[in-house]
Amino acid sequence: MMILQRYTRFAFLTLFCLTATAIVALALTPSPPALGIGDKIEHVIAFGCLSLLSLIAFPKQRKLVLALALATLGALIECLQLLPALRRSSDGIDWIADCAAIGIVFGSAAAMQRLEGWRSVA
């Protein structure tokens with residue numbers, strides 16, 4: 001059973017790294033493919049997925065540290081998009097969308113954890 005847990009954790013850690021790499025690569029690509037659902041929704045989906053994967057890949061890490069690291073990644077992406085060589089535009093509202101997704105996922109996880117705690121006591 002321990003071996004299965006180890007492989008599962010490794011799989012989620014790998015998936016987190018691949019997802020983070022893909023998000024950064026797409027964010028720094030001059031002409032990323034558009035999904036047709038709106039830029040802000042794309043940000044929410046990307047950072048929502050990344051947030052969920054971070055909770056699974058790093059179960060022992062403090063949640064505040066994970067959330068701040070992801071918010072910092074979003075801010076760094078927006079700062080890098082200011083570089084003229086990338087031919088991208090930076091938008092602070094994109095970072096707010098990233099942070100909203102992070103807050104929704106981490107808030108939902110905390111609420112579920114509290115509900116589970118209440119259930120086990122009852």
# chains A, B, ... in the order shown; residues from 1 in each chain; ligands from 1
>>> closest_atom_pairs(of="region 87-112 of chain A", to="region 65-73 of chain A", cutoff="12 Å", atoms="only C-alpha atoms", output="CSV")
residue,atom,partner,partner_atom,distance
A:Asp94,CA,A:Ala71,CA,11.2
A:Trp95,CA,A:Ala71,CA,7.7
A:Ile96,CA,A:Ala71,CA,9.0
A:Ala97,CA,A:Ala71,CA,10.1
A:Asp98,CA,A:Ala71,CA,7.0
A:Cys99,CA,A:Ala71,CA,5.8
A:Ala100,CA,A:Ala71,CA,9.5
A:Ala101,CA,A:Ala71,CA,9.8
A:Ile102,CA,A:Ala67,CA,6.4
A:Gly103,CA,A:Ala67,CA,7.8
A:Ile104,CA,A:Ala67,CA,10.7
A:Val105,CA,A:Ala67,CA,9.6
A:Phe106,CA,A:Ala67,CA,7.5
A:Gly107,CA,A:Ala67,CA,10.4
A:Ala109,CA,A:Ala67,CA,11.9
>>> write_last_selection(atoms="all heavy atoms", output="short mmCIF file (atom, residue, chain, number, x, y, z; two decimals), in the first residue's frame")
data_model
loop_
_atom_site.label_atom_id
_atom_site.label_comp_id
_atom_site.auth_asym_id
_atom_site.auth_seq_id
_atom_site.Cartn_x
_atom_site.Cartn_y
_atom_site.Cartn_z
N ASP A 94 -5.94 40.00 -14.88
CA ASP A 94 -5.59 38.59 -15.05
C ASP A 94 -5.06 38.01 -13.74
O ASP A 94 -5.41 36.89 -13.35
CB ASP A 94 -4.54 38.41 -16.15
CG ASP A 94 -5.09 38.64 -17.54
OD1 ASP A 94 -6.32 38.68 -17.70
OD2 ASP A 94 -4.28 38.77 -18.47
N TRP A 95 -4.22 38.77 -13.06
CA TRP A 95 -3.68 38.31 -11.78
C TRP A 95 -4.78 38.19 -10.73
O TRP A 95 -4.80 37.26 -9.94
CB TRP A 95 -2.57 39.25 -11.30
CG TRP A 95 -1.96 38.80 -10.01
CD1 TRP A 95 -1.16 37.71 -9.84
CD2 TRP A 95 -2.11 39.39 -8.73
NE1 TRP A 95 -0.80 37.59 -8.50
CE2 TRP A 95 -1.38 38.62 -7.81
CE3 TRP A 95 -2.81 40.51 -8.28
CZ2 TRP A 95 -1.31 38.93 -6.47
CZ3 TRP A 95 -2.74 40.82 -6.93
CH2 TRP A 95 -1.99 40.03 -6.04
N ILE A 96 -5.72 39.11 -10.76
CA ILE A 96 -6.86 39.03 -9.84
C ILE A 96 -7.68 37.77 -10.13
O ILE A 96 -8.14 37.08 -9.21
CB ILE A 96 -7.72 40.31 -9.91
CG1 ILE A 96 -6.92 41.48 -9.33
CG2 ILE A 96 -9.05 40.14 -9.18
CD1 ILE A 96 -7.56 42.83 -9.50
N ALA A 97 -7.85 37.43 -11.40
CA ALA A 97 -8.56 36.20 -11.77
C ALA A 97 -7.79 34.98 -11.26
O ALA A 97 -8.40 34.02 -10.75
CB ALA A 97 -8.75 36.12 -13.28
N ASP A 98 -6.46 35.00 -11.39
CA ASP A 98 -5.63 33.91 -10.87
C ASP A 98 -5.86 33.76 -9.36
O ASP A 98 -6.08 32.66 -8.86
CB ASP A 98 -4.14 34.19 -11.11
CG ASP A 98 -3.76 34.31 -12.57
OD1 ASP A 98 -4.55 33.87 -13.45
OD2 ASP A 98 -2.68 34.86 -12.84
N CYS A 99 -5.80 34.89 -8.65
CA CYS A 99 -5.95 34.87 -7.19
C CYS A 99 -7.36 34.45 -6.78
O CYS A 99 -7.53 33.76 -5.76
CB CYS A 99 -5.60 36.23 -6.60
SG CYS A 99 -3.85 36.61 -6.71
N ALA A 100 -8.35 34.84 -7.56
CA ALA A 100 -9.73 34.42 -7.27
C ALA A 100 -9.84 32.90 -7.36
O ALA A 100 -10.45 32.26 -6.49
CB ALA A 100 -10.70 35.09 -8.23
N ALA A 101 -9.25 32.32 -8.39
CA ALA A 101 -9.29 30.87 -8.54
C ALA A 101 -8.57 30.18 -7.38
O ALA A 101 -9.06 29.18 -6.83
CB ALA A 101 -8.65 30.46 -9.87
N ILE A 102 -7.43 30.71 -6.99
CA ILE A 102 -6.68 30.16 -5.86
C ILE A 102 -7.53 30.23 -4.60
O ILE A 102 -7.64 29.25 -3.86
CB ILE A 102 -5.35 30.93 -5.68
CG1 ILE A 102 -4.43 30.71 -6.89
CG2 ILE A 102 -4.65 30.52 -4.39
CD1 ILE A 102 -3.27 31.70 -6.99
N GLY A 103 -8.17 31.37 -4.37
CA GLY A 103 -9.02 31.53 -3.20
C GLY A 103 -10.20 30.59 -3.19
O GLY A 103 -10.55 30.02 -2.15
N ILE A 104 -10.82 30.41 -4.34
CA ILE A 104 -11.98 29.50 -4.43
C ILE A 104 -11.57 28.07 -4.11
O ILE A 104 -12.22 27.38 -3.31
CB ILE A 104 -12.63 29.58 -5.83
CG1 ILE A 104 -13.33 30.94 -5.99
CG2 ILE A 104 -13.60 28.43 -6.06
CD1 ILE A 104 -13.73 31.26 -7.42
N VAL A 105 -10.48 27.61 -4.70
CA VAL A 105 -10.04 26.22 -4.48
C VAL A 105 -9.59 26.01 -3.03
O VAL A 105 -10.01 25.06 -2.37
CB VAL A 105 -8.93 25.82 -5.47
CG1 VAL A 105 -8.32 24.47 -5.10
CG2 VAL A 105 -9.48 25.78 -6.89
N PHE A 106 -8.76 26.91 -2.52
CA PHE A 106 -8.26 26.74 -1.16
C PHE A 106 -9.38 26.95 -0.14
O PHE A 106 -9.42 26.26 0.88
CB PHE A 106 -7.08 27.67 -0.89
CG PHE A 106 -5.78 27.14 -1.42
CD1 PHE A 106 -5.43 27.31 -2.74
CD2 PHE A 106 -4.92 26.45 -0.60
CE1 PHE A 106 -4.24 26.80 -3.24
CE2 PHE A 106 -3.73 25.94 -1.08
CZ PHE A 106 -3.39 26.11 -2.41
N GLY A 107 -10.28 27.89 -0.41
CA GLY A 107 -11.43 28.08 0.47
C GLY A 107 -12.35 26.87 0.48
O GLY A 107 -12.82 26.45 1.54
N ALA A 109 -11.47 23.79 -0.21
CA ALA A 109 -10.76 22.70 0.46
C ALA A 109 -10.83 22.86 1.98
O ALA A 109 -11.04 21.89 2.71
CB ALA A 109 -9.30 22.66 0.00
#
>>> select_by_dssp(residues="chain A", states="alpha helix (DSSP H)", output="tab-separated table (two decimals) with N, CA, C and O atoms, in the first residue's frame")
chain	number	residue	atom	x	y	z
A	2	MET	N	1.95	1.25	0.76
A	2	MET	CA	2.84	2.41	0.80
A	2	MET	C	3.42	2.71	-0.58
A	2	MET	O	3.56	3.88	-0.94
A	3	ILE	N	3.74	1.68	-1.33
A	3	ILE	CA	4.32	1.87	-2.66
A	3	ILE	C	3.30	2.55	-3.58
A	3	ILE	O	3.65	3.48	-4.31
A	4	LEU	N	2.04	2.13	-3.48
A	4	LEU	CA	1.00	2.75	-4.30
A	4	LEU	C	0.83	4.22	-3.93
A	4	LEU	O	0.71	5.07	-4.81
A	5	GLN	N	0.87	4.54	-2.65
A	5	GLN	CA	0.77	5.92	-2.22
A	5	GLN	C	1.94	6.74	-2.75
A	5	GLN	O	1.78	7.89	-3.16
A	6	ARG	N	3.13	6.14	-2.71
A	6	ARG	CA	4.32	6.84	-3.18
A	6	ARG	C	4.21	7.13	-4.69
A	6	ARG	O	4.52	8.22	-5.14
A	7	TYR	N	3.74	6.15	-5.46
A	7	TYR	CA	3.58	6.35	-6.90
A	7	TYR	C	2.48	7.36	-7.20
A	7	TYR	O	2.60	8.16	-8.12
A	8	THR	N	1.41	7.32	-6.43
A	8	THR	CA	0.32	8.27	-6.62
A	8	THR	C	0.80	9.68	-6.34
A	8	THR	O	0.52	10.61	-7.10
A	9	ARG	N	1.54	9.86	-5.25
A	9	ARG	CA	2.07	11.19	-4.92
A	9	ARG	C	3.03	11.66	-6.01
A	9	ARG	O	2.98	12.82	-6.44
A	10	PHE	N	3.88	10.76	-6.49
A	10	PHE	CA	4.82	11.10	-7.56
A	10	PHE	C	4.06	11.50	-8.83
A	10	PHE	O	4.43	12.45	-9.51
A	11	ALA	N	2.98	10.77	-9.13
A	11	ALA	CA	2.18	11.07	-10.32
A	11	ALA	C	1.56	12.46	-10.22
A	11	ALA	O	1.60	13.24	-11.19
A	12	PHE	N	1.02	12.81	-9.05
A	12	PHE	CA	0.42	14.14	-8.89
A	12	PHE	C	1.48	15.24	-8.87
A	12	PHE	O	1.24	16.34	-9.37
A	13	LEU	N	2.63	14.95	-8.31
A	13	LEU	CA	3.72	15.92	-8.33
A	13	LEU	C	4.17	16.18	-9.76
A	13	LEU	O	4.37	17.32	-10.18
A	14	THR	N	4.28	15.12	-10.54
A	14	THR	CA	4.64	15.24	-11.95
A	14	THR	C	3.57	16.01	-12.72
A	14	THR	O	3.89	16.91	-13.52
A	15	LEU	N	2.31	15.69	-12.47
A	15	LEU	CA	1.22	16.38	-13.14
A	15	LEU	C	1.20	17.87	-12.78
A	15	LEU	O	0.97	18.72	-13.64
A	16	PHE	N	1.48	18.18	-11.50
A	16	PHE	CA	1.56	19.58	-11.08
A	16	PHE	C	2.66	20.29	-11.86
A	16	PHE	O	2.45	21.39	-12.38
A	17	CYS	N	3.85	19.70	-11.92
A	17	CYS	CA	4.98	20.32	-12.62
A	17	CYS	C	4.70	20.51	-14.10
A	17	CYS	O	5.02	21.57	-14.67
A	18	LEU	N	4.11	19.51	-14.73
A	18	LEU	CA	3.78	19.62	-16.16
A	18	LEU	C	2.73	20.70	-16.40
A	18	LEU	O	2.83	21.48	-17.36
A	19	THR	N	1.74	20.77	-15.52
A	19	THR	CA	0.70	21.79	-15.67
A	19	THR	C	1.27	23.18	-15.47
A	19	THR	O	0.97	24.10	-16.24
A	20	ALA	N	2.10	23.35	-14.44
A	20	ALA	CA	2.72	24.66	-14.20
A	20	ALA	C	3.59	25.07	-15.38
A	20	ALA	O	3.55	26.23	-15.82
A	21	THR	N	4.34	24.13	-15.91
A	21	THR	CA	5.19	24.41	-17.07
A	21	THR	C	4.36	24.81	-18.28
A	21	THR	O	4.70	25.77	-18.99
A	22	ALA	N	3.28	24.10	-18.52
A	22	ALA	CA	2.41	24.41	-19.66
A	22	ALA	C	1.78	25.79	-19.50
A	22	ALA	O	1.71	26.57	-20.47
A	23	ILE	N	1.34	26.12	-18.29
A	23	ILE	CA	0.72	27.43	-18.05
A	23	ILE	C	1.72	28.55	-18.30
A	23	ILE	O	1.41	29.54	-18.98
A	24	VAL	N	2.92	28.40	-17.77
A	24	VAL	CA	3.95	29.43	-17.97
A	24	VAL	C	4.32	29.53	-19.44
A	24	VAL	O	4.42	30.63	-19.99
A	25	ALA	N	4.50	28.40	-20.10
A	25	ALA	CA	4.86	28.42	-21.52
A	25	ALA	C	3.79	29.10	-22.36
A	25	ALA	O	4.11	29.93	-23.23
A	26	LEU	N	2.53	28.77	-22.11
A	26	LEU	CA	1.45	29.40	-22.87
A	26	LEU	C	1.35	30.89	-22.57
A	26	LEU	O	1.07	31.70	-23.45
A	27	ALA	N	1.59	31.25	-21.31
A	27	ALA	CA	1.51	32.66	-20.92
A	27	ALA	C	2.62	33.50	-21.55
A	27	ALA	O	2.45	34.70	-21.74
A	39	ASP	N	-10.59	35.28	-21.80
A	39	ASP	CA	-9.26	35.29	-21.18
A	39	ASP	C	-9.34	35.08	-19.67
A	39	ASP	O	-8.57	34.30	-19.10
A	40	LYS	N	-10.26	35.76	-19.01
A	40	LYS	CA	-10.33	35.66	-17.54
A	40	LYS	C	-10.78	34.26	-17.11
A	40	LYS	O	-10.26	33.71	-16.14
A	41	ILE	N	-11.69	33.66	-17.84
A	41	ILE	CA	-12.13	32.29	-17.54
A	41	ILE	C	-10.97	31.32	-17.72
A	41	ILE	O	-10.79	30.39	-16.94
A	42	GLU	N	-10.16	31.54	-18.76
A	42	GLU	CA	-8.98	30.70	-18.97
A	42	GLU	C	-8.02	30.81	-17.78
A	42	GLU	O	-7.47	29.80	-17.34
A	43	HIS	N	-7.85	32.02	-17.24
A	43	HIS	CA	-7.00	32.21	-16.06
A	43	HIS	C	-7.57	31.47	-14.85
A	43	HIS	O	-6.84	30.81	-14.11
A	44	VAL	N	-8.88	31.56	-14.66
A	44	VAL	CA	-9.52	30.89	-13.52
A	44	VAL	C	-9.35	29.37	-13.65
A	44	VAL	O	-9.02	28.69	-12.67
A	45	ILE	N	-9.56	28.84	-14.83
A	45	ILE	CA	-9.42	27.40	-15.03
A	45	ILE	C	-7.97	26.97	-14.80
A	45	ILE	O	-7.71	25.99	-14.10
A	46	ALA	N	-7.03	27.71	-15.38
A	46	ALA	CA	-5.61	27.34	-15.25
A	46	ALA	C	-5.17	27.34	-13.78
A	46	ALA	O	-4.59	26.37	-13.30
A	47	PHE	N	-5.45	28.43	-13.08
A	47	PHE	CA	-4.99	28.51	-11.70
A	47	PHE	C	-5.87	27.71	-10.74
A	47	PHE	O	-5.40	27.31	-9.67
A	48	GLY	N	-7.09	27.42	-11.13
A	48	GLY	CA	-7.92	26.51	-10.34
A	48	GLY	C	-7.35	25.10	-10.39
A	48	GLY	O	-7.21	24.44	-9.35
A	49	CYS	N	-7.00	24.65	-11.58
A	49	CYS	CA	-6.38	23.32	-11.74
A	49	CYS	C	-5.05	23.25	-11.01
A	49	CYS	O	-4.77	22.27	-10.30
A	50	LEU	N	-4.25	24.28	-11.17
A	50	LEU	CA	-2.94	24.31	-10.52
A	50	LEU	C	-3.10	24.30	-8.99
A	50	LEU	O	-2.34	23.62	-8.30
A	51	SER	N	-4.08	25.01	-8.48
A	51	SER	CA	-4.32	25.04	-7.04
A	51	SER	C	-4.73	23.66	-6.53
A	51	SER	O	-4.22	23.19	-5.50
A	52	LEU	N	-5.65	23.03	-7.23
A	52	LEU	CA	-6.10	21.70	-6.82
A	52	LEU	C	-4.95	20.69	-6.86
A	52	LEU	O	-4.76	19.92	-5.91
A	53	LEU	N	-4.17	20.74	-7.91
A	53	LEU	CA	-3.01	19.83	-8.01
A	53	LEU	C	-1.99	20.10	-6.91
A	53	LEU	O	-1.39	19.17	-6.38
A	54	SER	N	-1.81	21.37	-6.54
A	54	SER	CA	-0.85	21.68	-5.48
A	54	SER	C	-1.30	21.11	-4.14
A	54	SER	O	-0.47	20.63	-3.36
A	55	LEU	N	-2.59	21.13	-3.88
A	55	LEU	CA	-3.10	20.57	-2.62
A	55	LEU	C	-2.87	19.06	-2.55
A	55	LEU	O	-2.59	18.52	-1.48
A	56	ILE	N	-2.98	18.40	-3.70
A	56	ILE	CA	-2.79	16.95	-3.73
A	56	ILE	C	-1.30	16.59	-3.76
A	56	ILE	O	-0.86	15.67	-3.09
A	57	ALA	N	-0.51	17.34	-4.52
A	57	ALA	CA	0.92	17.04	-4.68
A	57	ALA	C	1.73	17.38	-3.44
A	57	ALA	O	2.76	16.75	-3.19
A	63	LYS	N	-1.04	25.42	3.72
A	63	LYS	CA	-1.89	25.89	2.63
A	63	LYS	C	-1.61	27.35	2.27
A	63	LYS	O	-1.64	27.72	1.10
A	64	LEU	N	-1.31	28.17	3.26
A	64	LEU	CA	-1.00	29.57	2.99
A	64	LEU	C	0.25	29.70	2.13
A	64	LEU	O	0.30	30.53	1.22
A	65	VAL	N	1.24	28.86	2.40
A	65	VAL	CA	2.48	28.89	1.61
A	65	VAL	C	2.19	28.52	0.16
A	65	VAL	O	2.67	29.17	-0.77
A	66	LEU	N	1.38	27.48	-0.03
A	66	LEU	CA	1.02	27.07	-1.40
A	66	LEU	C	0.26	28.18	-2.12
A	66	LEU	O	0.57	28.51	-3.27
A	67	ALA	N	-0.72	28.76	-1.44
A	67	ALA	CA	-1.53	29.81	-2.07
A	67	ALA	C	-0.67	31.02	-2.42
A	67	ALA	O	-0.81	31.58	-3.52
A	68	LEU	N	0.21	31.41	-1.53
A	68	LEU	CA	1.08	32.56	-1.81
A	68	LEU	C	2.06	32.25	-2.95
A	68	LEU	O	2.35	33.13	-3.77
A	69	ALA	N	2.56	31.03	-3.01
A	69	ALA	CA	3.46	30.64	-4.10
A	69	ALA	C	2.74	30.71	-5.45
A	69	ALA	O	3.29	31.21	-6.43
A	70	LEU	N	1.50	30.24	-5.48
A	70	LEU	CA	0.74	30.30	-6.74
A	70	LEU	C	0.40	31.73	-7.12
A	70	LEU	O	0.48	32.10	-8.30
A	71	ALA	N	0.04	32.55	-6.14
A	71	ALA	CA	-0.24	33.96	-6.43
A	71	ALA	C	1.02	34.67	-6.94
A	71	ALA	O	0.95	35.50	-7.86
A	72	THR	N	2.16	34.31	-6.38
A	72	THR	CA	3.43	34.88	-6.83
A	72	THR	C	3.73	34.45	-8.26
A	72	THR	O	4.21	35.25	-9.07
A	73	LEU	N	3.45	33.19	-8.58
A	73	LEU	CA	3.64	32.71	-9.95
A	73	LEU	C	2.78	33.52	-10.91
A	73	LEU	O	3.26	33.96	-11.98
A	74	GLY	N	1.53	33.76	-10.55
A	74	GLY	CA	0.64	34.56	-11.40
A	74	GLY	C	1.17	35.97	-11.59
A	74	GLY	O	1.14	36.51	-12.71
A	75	ALA	N	1.66	36.58	-10.52
A	75	ALA	CA	2.22	37.93	-10.60
A	75	ALA	C	3.48	37.95	-11.46
A	75	ALA	O	3.69	38.87	-12.26
A	76	LEU	N	4.32	36.94	-11.30
A	76	LEU	CA	5.54	36.85	-12.09
A	76	LEU	C	5.23	36.73	-13.58
A	76	LEU	O	5.87	37.38	-14.41
A	77	ILE	N	4.23	35.93	-13.90
A	77	ILE	CA	3.83	35.80	-15.30
A	77	ILE	C	3.41	37.16	-15.85
A	77	ILE	O	3.82	37.55	-16.95
A	78	GLU	N	2.60	37.88	-15.09
A	78	GLU	CA	2.15	39.20	-15.56
A	78	GLU	C	3.32	40.16	-15.72
A	78	GLU	O	3.35	40.95	-16.68
A	79	CYS	N	4.28	40.10	-14.82
A	79	CYS	CA	5.48	40.96	-14.94
A	79	CYS	C	6.30	40.59	-16.18
A	79	CYS	O	6.77	41.47	-16.90
A	80	LEU	N	6.47	39.29	-16.41
A	80	LEU	CA	7.24	38.86	-17.58
A	80	LEU	C	6.55	39.25	-18.88
A	80	LEU	O	7.22	39.51	-19.89
A	92	GLY	N	-3.39	43.47	-14.91
A	92	GLY	CA	-3.55	43.20	-13.48
A	92	GLY	C	-4.82	42.43	-13.17
A	92	GLY	O	-4.88	41.67	-12.20
A	93	ILE	N	-5.84	42.59	-14.00
A	93	ILE	CA	-7.09	41.86	-13.79
A	93	ILE	C	-6.87	40.36	-14.00
A	93	ILE	O	-7.53	39.54	-13.38
A	94	ASP	N	-5.94	40.00	-14.88
A	94	ASP	CA	-5.59	38.59	-15.05
A	94	ASP	C	-5.06	38.01	-13.74
A	94	ASP	O	-5.41	36.89	-13.35
A	95	TRP	N	-4.22	38.77	-13.06
A	95	TRP	CA	-3.68	38.31	-11.78
A	95	TRP	C	-4.78	38.19	-10.73
A	95	TRP	O	-4.80	37.26	-9.94
A	96	ILE	N	-5.72	39.11	-10.76
A	96	ILE	CA	-6.86	39.03	-9.84
A	96	ILE	C	-7.68	37.77	-10.13
A	96	ILE	O	-8.14	37.08	-9.21
A	97	ALA	N	-7.85	37.43	-11.40
A	97	ALA	CA	-8.56	36.20	-11.77
A	97	ALA	C	-7.79	34.98	-11.26
A	97	ALA	O	-8.40	34.02	-10.75
A	98	ASP	N	-6.46	35.00	-11.39
A	98	ASP	CA	-5.63	33.91	-10.87
A	98	ASP	C	-5.86	33.76	-9.36
A	98	ASP	O	-6.08	32.66	-8.86
A	99	CYS	N	-5.80	34.89	-8.65
A	99	CYS	CA	-5.95	34.87	-7.19
A	99	CYS	C	-7.36	34.45	-6.78
A	99	CYS	O	-7.53	33.76	-5.76
A	100	ALA	N	-8.35	34.84	-7.56
A	100	ALA	CA	-9.73	34.42	-7.27
A	100	ALA	C	-9.84	32.90	-7.36
A	100	ALA	O	-10.45	32.26	-6.49
A	101	ALA	N	-9.25	32.32	-8.39
A	101	ALA	CA	-9.29	30.87	-8.54
A	101	ALA	C	-8.57	30.18	-7.38
A	101	ALA	O	-9.06	29.18	-6.83
A	102	ILE	N	-7.43	30.71	-6.99
A	102	ILE	CA	-6.68	30.16	-5.86
A	102	ILE	C	-7.53	30.23	-4.60
A	102	ILE	O	-7.64	29.25	-3.86
A	103	GLY	N	-8.17	31.37	-4.37
A	103	GLY	CA	-9.02	31.53	-3.20
A	103	GLY	C	-10.20	30.59	-3.19
A	103	GLY	O	-10.55	30.02	-2.15
A	104	ILE	N	-10.82	30.41	-4.34
A	104	ILE	CA	-11.98	29.50	-4.43
A	104	ILE	C	-11.57	28.07	-4.11
A	104	ILE	O	-12.22	27.38	-3.31
A	105	VAL	N	-10.48	27.61	-4.70
A	105	VAL	CA	-10.04	26.22	-4.48
A	105	VAL	C	-9.59	26.01	-3.03
A	105	VAL	O	-10.01	25.06	-2.37
A	106	PHE	N	-8.76	26.91	-2.52
A	106	PHE	CA	-8.26	26.74	-1.16
A	106	PHE	C	-9.38	26.95	-0.14
A	106	PHE	O	-9.42	26.26	0.88
A	107	GLY	N	-10.28	27.89	-0.41
A	107	GLY	CA	-11.43	28.08	0.47
A	107	GLY	C	-12.35	26.87	0.48
A	107	GLY	O	-12.82	26.45	1.54
A	108	SER	N	-12.60	26.30	-0.69
A	108	SER	CA	-13.43	25.10	-0.77
A	108	SER	C	-12.78	23.93	-0.05
A	108	SER	O	-13.46	23.17	0.64
A	109	ALA	N	-11.47	23.79	-0.21
A	109	ALA	CA	-10.76	22.70	0.46
A	109	ALA	C	-10.83	22.86	1.98
A	109	ALA	O	-11.04	21.89	2.71
A	110	ALA	N	-10.68	24.09	2.46
A	110	ALA	CA	-10.76	24.34	3.90
A	110	ALA	C	-12.16	24.05	4.42
A	110	ALA	O	-12.32	23.45	5.49
A	111	ALA	N	-13.17	24.46	3.67
A	111	ALA	CA	-14.55	24.20	4.07
A	111	ALA	C	-14.84	22.69	4.11
A	111	ALA	O	-15.47	22.20	5.05
A	112	MET	N	-14.36	21.97	3.12
A	112	MET	CA	-14.56	20.51	3.09
A	112	MET	C	-13.84	19.84	4.25
A	112	MET	O	-14.36	18.90	4.86
A	113	GLN	N	-12.66	20.34	4.58
A	113	GLN	CA	-11.90	19.78	5.70
A	113	GLN	C	-12.64	20.02	7.01
A	113	GLN	O	-12.72	19.14	7.86
A	114	ARG	N	-13.22	21.19	7.18
A	114	ARG	CA	-13.99	21.48	8.39
A	114	ARG	C	-15.23	20.61	8.47
A	114	ARG	O	-15.57	20.09	9.53
A	115	LEU	N	-15.93	20.46	7.34
A	115	LEU	CA	-17.12	19.61	7.32
A	115	LEU	C	-16.77	18.17	7.67
A	115	LEU	O	-17.49	17.51	8.41
A	116	GLU	N	-15.66	17.69	7.13
A	116	GLU	CA	-15.22	16.33	7.43
A	116	GLU	C	-14.91	16.19	8.92
A	116	GLU	O	-15.23	15.18	9.54
A	117	GLY	N	-14.29	17.20	9.50
A	117	GLY	CA	-13.98	17.19	10.93
A	117	GLY	C	-15.25	17.15	11.76
A	117	GLY	O	-15.34	16.44	12.76
A	118	TRP	N	-16.25	17.93	11.35
A	118	TRP	CA	-17.52	17.93	12.08
A	118	TRP	C	-18.21	16.59	11.97
A	118	TRP	O	-18.81	16.10	12.90
A	119	ARG	N	-18.13	15.98	10.78
A	119	ARG	CA	-18.76	14.68	10.57
A	119	ARG	C	-18.14	13.59	11.43
A	119	ARG	O	-18.82	12.73	11.94
A	120	SER	N	-16.83	13.63	11.58
A	120	SER	CA	-16.15	12.58	12.35
A	120	SER	C	-16.43	12.72	13.84
A	120	SER	O	-16.35	11.75	14.57
A	121	VAL	N	-16.73	13.95	14.30
A	121	VAL	CA	-17.04	14.17	15.71
A	121	VAL	C	-18.45	13.72	16.02
A	121	VAL	O	-18.74	13.16	17.07
>>> atom_distance(atom1="CA of Ser89 (chain A)", atom2="CA of Pro33 (chain A)")
15.2 Å
>>> atom_distance(atom1="CA of Leu28 (chain A)", atom2="CA of Asp91 (chain A)")
13.3 Å
>>> atom_distance(atom1="CA of Pro32 (chain A)", atom2="CA of Leu83 (chain A)")
16.0 Å
